[in-house]
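**Q** Mind looking over this structure? Questions follow.
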Amino acid sequence: MSGTETAPVGVFVATSTPPEDIAGLAAAAERLGYGEVWVAEDYFCYGGFSGAALALGATSRVKVGLGVVASVARHPAVAAMEIATLARAHPGRFLPGIGHGVPAWTDQMGVTAKSPLAALRECVESVRALLRGETVDLEGKQFAFRAVSATHRPDAEVPILTGVLGPKSLRLSGRIAQGTVMSVLAGTEYLSSALGHIGEGMAEARATEHLVPTFALFSVDRDSKRARAAVRPALAGYLAAVGPHNPLTAAFGYNDHLADLLVGDPGRLPEALPEEWIDTLTVAGDPDDVLERVAALRTAGATSVVLSPVNAASAREELELAASAVLPRLV
């Protein structure tokens, strides 16, 4: 990797991050040589679009991704307005993502879609149309538009990504979006399976390119055992949240074992996780381990690997270590 290139590795700004710290973290990631900074919209933490604006304003070269906002959290015309604003202010650097939304959060707001697939399709297609300068008239299953057009459309196409998991949603993403944001539990086997479904949708749309930024729970230390131990609680928390009936761990054949583990004492789950799961579901270990895992995810189809530090107290130190001991060795 030359000194003028950015790495196909990004940094995730956790939604537990105080909003006033977002700009500094984004600037530090760019200074260290990371190629992307990602924010999110986990309800009810910092705002996704405002978080992206802070990150974009603090940087000048990196791509800034938003992975992801719920399709039903705001009307697509409002989402398109927000996207256009950031895309015009920071040309070529904003990667907005839209997903179904976590049911627990959308239920709290009373906005859960009766048909998540229809809501996502209507949202993404109408946002793309508005950004192209079209006037949208639509009476859809989820949204209505009455002669809506964008005043400030971007000069260039803005890639719209989704954040989805299941086969039907992945195929839809391949058909209507320019990328799919992959979950922090998306190991190589899941990536291979997901890309097959995405490819079916791309074929229907005659699309040839699709971004696949892949989030990963991350910990690095010169002592591999210490880093691997550090990632266990976060991995256990995510596994408990997704439960034993999910496509991410199903791709590895882990779901039956996961179901057995979840029956026991939740406090013992981090230590009960098999060592293999640290290898396949996280990016954790010494710099050599991290390099190997990043390379494996890229080989499996990730267009970038987005590191999500599991320890806020040591996050900057760990990102500095990865920047000095891993990024220069990527090819």
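Labels used: A, B, ... for chains in the order of the structure tokens, numbers from 1 for residues in each chain, and numbers from 1 for ligands as shown.
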May I have a table of the residues of range 260-328 of chain A lying at most 8 Å from range 190-193 of chain A, giving each one's closest pair of atoms and their distance in Å to one decimal, counting only C-alpha atoms, ordered by chain and ascending residue number, as a Markdown table?
**A**
| residue | atom | partner | partner_atom | distance |
| --- | --- | --- | --- | --- |
| A:Leu297 | CA | A:Leu191 | CA | 7.9 |
| A:Ala300 | CA | A:Ser192 | CA | 5.9 |
| A:Gly301 | CA | A:Leu191 | CA | 6.7 |
| A:Ala302 | CA | A:Leu191 | CA | 7.6 |
**Q** Pull N, CA and C atoms from the residues just selected and write them as an mmCIF file, in the first residue's frame.
**A**
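For reference, result-v7.cif as written:
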data_model
loop_
_atom_site.group_PDB
_atom_site.id
_atom_site.type_symbol
_atom_site.label_atom_id
_atom_site.label_comp_id
_atom_site.auth_asym_id
_atom_site.auth_seq_id
_atom_site.Cartn_x
_atom_site.Cartn_y
_atom_site.Cartn_z
ATOM 1 N N LEU A 297 -11.366 -11.971 5.516
ATOM 2 C CA LEU A 297 -12.648 -11.328 5.231
ATOM 3 C C LEU A 297 -12.634 -10.664 3.861
ATOM 4 N N ALA A 300 -13.001 -13.276 1.270
ATOM 5 C CA ALA A 300 -14.378 -13.787 1.230
ATOM 6 C C ALA A 300 -15.340 -12.813 0.570
ATOM 7 N N GLY A 301 -14.901 -11.582 0.317
ATOM 8 C CA GLY A 301 -15.747 -10.641 -0.408
ATOM 9 C C GLY A 301 -15.962 -9.293 0.228
ATOM 10 N N ALA A 302 -15.433 -9.072 1.428
ATOM 11 C CA ALA A 302 -15.560 -7.752 2.050
ATOM 12 C C ALA A 302 -14.773 -6.726 1.244
#
**Q** Give me the residues within 10 Å of range 327-330 of chain A as a compact mmCIF listing (two decimals) with N, CA and C atoms, in the first residue's frame, counting only C-alpha atoms and dropping any in the same chain fewer than 2 places off.
**A**
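In the end it all went to out-v1.txt:
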# COMPACT_ATOMS: atom_id res chain seq x y z
N MET A 1 0.85 -1.18 0.00
CA MET A 1 0.00 0.00 0.00
C MET A 1 0.89 1.24 0.00
N SER A 2 0.70 2.12 -0.95
CA SER A 2 1.54 3.32 -1.05
C SER A 2 1.11 4.36 -0.04
N GLY A 3 1.96 5.35 0.16
CA GLY A 3 1.65 6.38 1.13
C GLY A 3 0.48 7.26 0.74
N THR A 6 -5.42 4.93 0.82
CA THR A 6 -6.01 4.65 2.12
C THR A 6 -6.29 3.17 2.20
N ALA A 7 -6.25 2.65 3.42
CA ALA A 7 -6.41 1.22 3.63
C ALA A 7 -7.86 0.80 3.45
N PRO A 8 -8.07 -0.44 2.99
CA PRO A 8 -9.43 -0.98 2.90
C PRO A 8 -9.92 -1.43 4.27
N VAL A 9 -9.60 -0.64 5.27
CA VAL A 9 -9.97 -0.91 6.66
C VAL A 9 -10.55 0.37 7.23
N LEU A 32 -4.39 8.28 11.17
CA LEU A 32 -3.70 7.01 11.31
C LEU A 32 -3.64 6.20 10.00
N GLY A 33 -4.39 6.62 9.00
CA GLY A 33 -4.33 5.95 7.71
C GLY A 33 -5.48 5.03 7.39
N TYR A 34 -6.52 5.03 8.22
CA TYR A 34 -7.70 4.22 7.91
C TYR A 34 -8.46 4.85 6.75
N PRO A 287 -1.02 -8.48 16.20
CA PRO A 287 -1.09 -7.90 14.85
C PRO A 287 -1.09 -8.93 13.73
N ASP A 288 -0.36 -10.03 13.87
CA ASP A 288 -0.37 -11.06 12.85
C ASP A 288 -1.75 -11.70 12.73
N LEU A 291 -4.08 -9.19 11.00
CA LEU A 291 -3.79 -9.15 9.56
C LEU A 291 -4.41 -10.35 8.85
N GLU A 292 -4.27 -11.53 9.46
CA GLU A 292 -4.81 -12.74 8.86
C GLU A 292 -6.33 -12.68 8.75
N VAL A 294 -8.31 -9.93 8.73
CA VAL A 294 -8.72 -8.91 7.77
C VAL A 294 -8.55 -9.45 6.35
N ALA A 295 -7.44 -10.12 6.10
CA ALA A 295 -7.20 -10.69 4.77
C ALA A 295 -8.24 -11.74 4.43
N LEU A 321 -1.97 0.80 17.25
CA LEU A 321 -1.17 -0.40 17.06
C LEU A 321 -1.50 -1.06 15.73
N ALA A 322 -2.79 -1.17 15.42
CA ALA A 322 -3.17 -1.77 14.15
C ALA A 322 -2.70 -0.92 12.98
N ALA A 323 -2.74 0.41 13.15
CA ALA A 323 -2.31 1.30 12.07
C ALA A 323 -0.82 1.14 11.78
N SER A 324 -0.02 0.92 12.81
CA SER A 324 1.41 0.83 12.61
C SER A 324 1.87 -0.58 12.26
N ALA A 325 1.15 -1.62 12.78
CA ALA A 325 1.62 -2.99 12.62
C ALA A 325 0.80 -3.82 11.64
**Q** Quick one: everything within 10 Å of Val111 in chain A, counting only C-alpha atoms, minus sequence neighbours fewer than 4 positions away in the same chain. Send it as a PyMOL selection string.
**A** chain A and resi 70-74+101+103+105-107
**Q** Just to be explicit: take each residue in the selection above, keep N, CA and C atoms, and write the result as an mmCIF file, in the first residue's frame.
**A**
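Result written to part.cif:
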data_model
loop_
_atom_site.group_PDB
_atom_site.id
_atom_site.type_symbol
_atom_site.label_atom_id
_atom_site.label_comp_id
_atom_site.auth_asym_id
_atom_site.auth_seq_id
_atom_site.Cartn_x
_atom_site.Cartn_y
_atom_site.Cartn_z
ATOM 1 N N ALA A 70 -32.990 3.216 10.034
ATOM 2 C CA ALA A 70 -34.177 2.400 9.752
ATOM 3 C C ALA A 70 -35.009 3.064 8.666
ATOM 4 N N SER A 71 -35.485 2.270 7.725
ATOM 5 C CA SER A 71 -36.272 2.811 6.616
ATOM 6 C C SER A 71 -37.519 3.535 7.100
ATOM 7 N N VAL A 72 -38.052 3.122 8.260
ATOM 8 C CA VAL A 72 -39.318 3.667 8.748
ATOM 9 C C VAL A 72 -39.142 4.781 9.778
ATOM 10 N N ALA A 73 -37.892 5.111 10.134
ATOM 11 C CA ALA A 73 -37.666 6.100 11.187
ATOM 12 C C ALA A 73 -37.925 7.525 10.718
ATOM 13 N N ARG A 74 -37.813 7.757 9.430
ATOM 14 C CA ARG A 74 -38.112 9.067 8.848
ATOM 15 C C ARG A 74 -38.636 8.829 7.436
ATOM 16 N N GLY A 101 -34.488 -1.841 10.351
ATOM 17 C CA GLY A 101 -34.654 -1.349 11.711
ATOM 18 C C GLY A 101 -34.818 -2.506 12.676
ATOM 19 N N PRO A 103 -36.548 -4.455 15.378
ATOM 20 C CA PRO A 103 -37.957 -4.427 15.786
ATOM 21 C C PRO A 103 -38.194 -3.865 17.185
ATOM 22 N N TRP A 105 -36.697 -1.506 18.687
ATOM 23 C CA TRP A 105 -36.654 -0.045 18.652
ATOM 24 C C TRP A 105 -37.803 0.526 17.838
ATOM 25 N N THR A 106 -38.099 -0.054 16.682
ATOM 26 C CA THR A 106 -39.200 0.481 15.880
ATOM 27 C C THR A 106 -40.542 0.259 16.583
ATOM 28 N N ASP A 107 -40.646 -0.819 17.365
ATOM 29 C CA ASP A 107 -41.860 -1.032 18.156
ATOM 30 C C ASP A 107 -42.020 0.070 19.203
#
**Q** Near range 268-285 of chain A, within 6 Å and counting only C-alpha atoms, which residues show up once chain neighbours fewer than 2 positions away are dropped, as a VMD selection string?
**A** chain A and resid 185 187 216 to 220 224 227 to 228 232 to 233 236 265 to 266 289 to 290 293
**Q** Mind checking which residues fall within 7 Å of Leu211 in chain A, counting only C-alpha atoms, ignoring those fewer than 2 positions away in the same chain, and posting them as a list of chain:residue names?
**A** A:Gln178, A:Gly179, A:Thr180, A:Glu209, A:Pro213, A:Thr303
**Q** When distances are computed from only C-alpha atoms, which of A:Pro244, A:Gly51, A:Gly35, A:Gly133 shows the smallest separation from Glu20 in chain A?
**A**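 Nearest to Glu20 in chain A: A:Gly51.
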**Q** Do you know which residues are at most 10 Å from range 76-79 of chain A counting only C-alpha atoms, after dropping those on the same chain fewer than 6 positions away, and could you put them as a JSON list (two decimals) with N, CA and C atoms, in the first residue's frame?
**A**
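Contents of result.json, as written:
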[["chain", "number", "residue", "atom", "x", "y", "z"],
["A", 49, "PHE", "N", -27.36, 10.85, 10.87],
["A", 49, "PHE", "CA", -26.97, 11.86, 9.89],
["A", 49, "PHE", "C", -26.13, 12.97, 10.55],
["A", 69, "VAL", "N", -29.56, 3.57, 9.03],
["A", 69, "VAL", "CA", -30.79, 4.13, 9.58],
["A", 69, "VAL", "C", -31.95, 3.21, 9.21],
["A", 85, "THR", "N", -27.83, 16.73, 1.27],
["A", 85, "THR", "CA", -27.10, 17.80, 1.96],
["A", 85, "THR", "C", -25.66, 17.41, 2.22],
["A", 96, "PRO", "N", -24.32, 6.42, 2.65],
["A", 96, "PRO", "CA", -25.47, 6.23, 3.52],
["A", 96, "PRO", "C", -26.06, 4.82, 3.40],
["A", 98, "ILE", "N", -29.32, 2.13, 4.68],
["A", 98, "ILE", "CA", -30.71, 2.05, 5.15],
["A", 98, "ILE", "C", -31.04, 0.59, 5.41],
["A", 119, "ALA", "N", -41.24, -1.92, 2.67],
["A", 119, "ALA", "CA", -40.82, -0.62, 3.20],
["A", 119, "ALA", "C", -39.40, -0.29, 2.76],
["A", 120, "LEU", "N", -38.51, -1.27, 2.82],
["A", 120, "LEU", "CA", -37.13, -1.03, 2.42],
["A", 120, "LEU", "C", -37.05, -0.73, 0.92],
["A", 122, "GLU", "N", -39.41, 0.47, -1.11],
["A", 122, "GLU", "CA", -39.97, 1.79, -1.40],
["A", 122, "GLU", "C", -39.04, 2.91, -0.95],
["A", 123, "CYS", "N", -38.43, 2.73, 0.20],
["A", 123, "CYS", "CA", -37.53, 3.75, 0.73],
["A", 123, "CYS", "C", -36.30, 3.93, -0.17],
["A", 124, "VAL", "N", -35.60, 2.84, -0.44],
["A", 124, "VAL", "CA", -34.37, 2.93, -1.22],
["A", 124, "VAL", "C", -34.66, 3.43, -2.64],
["A", 125, "GLU", "N", -35.69, 2.88, -3.28],
["A", 125, "GLU", "CA", -35.97, 3.28, -4.66],
["A", 125, "GLU", "C", -36.39, 4.74, -4.75],
["A", 126, "SER", "N", -37.17, 5.22, -3.79],
["A", 126, "SER", "CA", -37.61, 6.61, -3.84],
["A", 126, "SER", "C", -36.46, 7.56, -3.50],
["A", 127, "VAL", "N", -35.61, 7.18, -2.55],
["A", 127, "VAL", "CA", -34.44, 8.00, -2.25],
["A", 127, "VAL", "C", -33.55, 8.13, -3.48],
["A", 128, "ARG", "N", -33.30, 7.02, -4.14],
["A", 128, "ARG", "CA", -32.45, 7.06, -5.33],
["A", 128, "ARG", "C", -33.07, 7.94, -6.41],
["A", 130, "LEU", "N", -35.16, 10.48, -6.03],
["A", 130, "LEU", "CA", -35.07, 11.88, -5.65],
["A", 130, "LEU", "C", -33.65, 12.42, -5.84],
["A", 131, "LEU", "N", -32.65, 11.61, -5.51],
["A", 131, "LEU", "CA", -31.27, 12.05, -5.68],
["A", 131, "LEU", "C", -30.89, 12.20, -7.15],
["A", 136, "VAL", "N", -41.20, 12.37, -7.45],
["A", 136, "VAL", "CA", -41.77, 11.10, -7.04],
["A", 136, "VAL", "C", -43.24, 11.27, -6.65],
["A", 143, "PHE", "N", -45.20, 4.08, 2.22],
["A", 143, "PHE", "CA", -44.98, 5.52, 2.10],
["A", 143, "PHE", "C", -45.82, 6.12, 0.98],
["A", 144, "ALA", "N", -46.16, 7.39, 1.15],
["A", 144, "ALA", "CA", -46.86, 8.14, 0.11],
["A", 144, "ALA", "C", -46.04, 9.38, -0.25],
["A", 145, "PHE", "N", -46.00, 9.66, -1.55],
["A", 145, "PHE", "CA", -45.31, 10.84, -2.07],
["A", 145, "PHE", "C", -46.29, 11.56, -3.00],
["A", 148, "VAL", "N", -43.13, 15.04, -4.96],
["A", 148, "VAL", "CA", -41.96, 15.41, -4.16],
["A", 148, "VAL", "C", -40.72, 15.44, -5.06],
["A", 149, "SER", "N", -39.94, 16.49, -4.95],
["A", 149, "SER", "CA", -38.66, 16.57, -5.66],
["A", 149, "SER", "C", -37.65, 17.24, -4.76],
["A", 150, "ALA", "N", -36.38, 16.96, -5.01],
["A", 150, "ALA", "CA", -35.30, 17.49, -4.19],
["A", 150, "ALA", "C", -34.78, 18.81, -4.78]]
**Q** Find the residues around His90 in chain A up to 9 Å (only C-alpha atoms counted), leave out those fewer than 6 positions away in its own chain, and share them as number ranges by chain.
**A** A: 56-57, 60
**Q** For CA of Ala55 in chain A and CA of Asp221 in chain A, determine how far apart the two atoms are, in Å to one decimal place.
**A**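 Distance reported for this atom pair: 26.6 Å.
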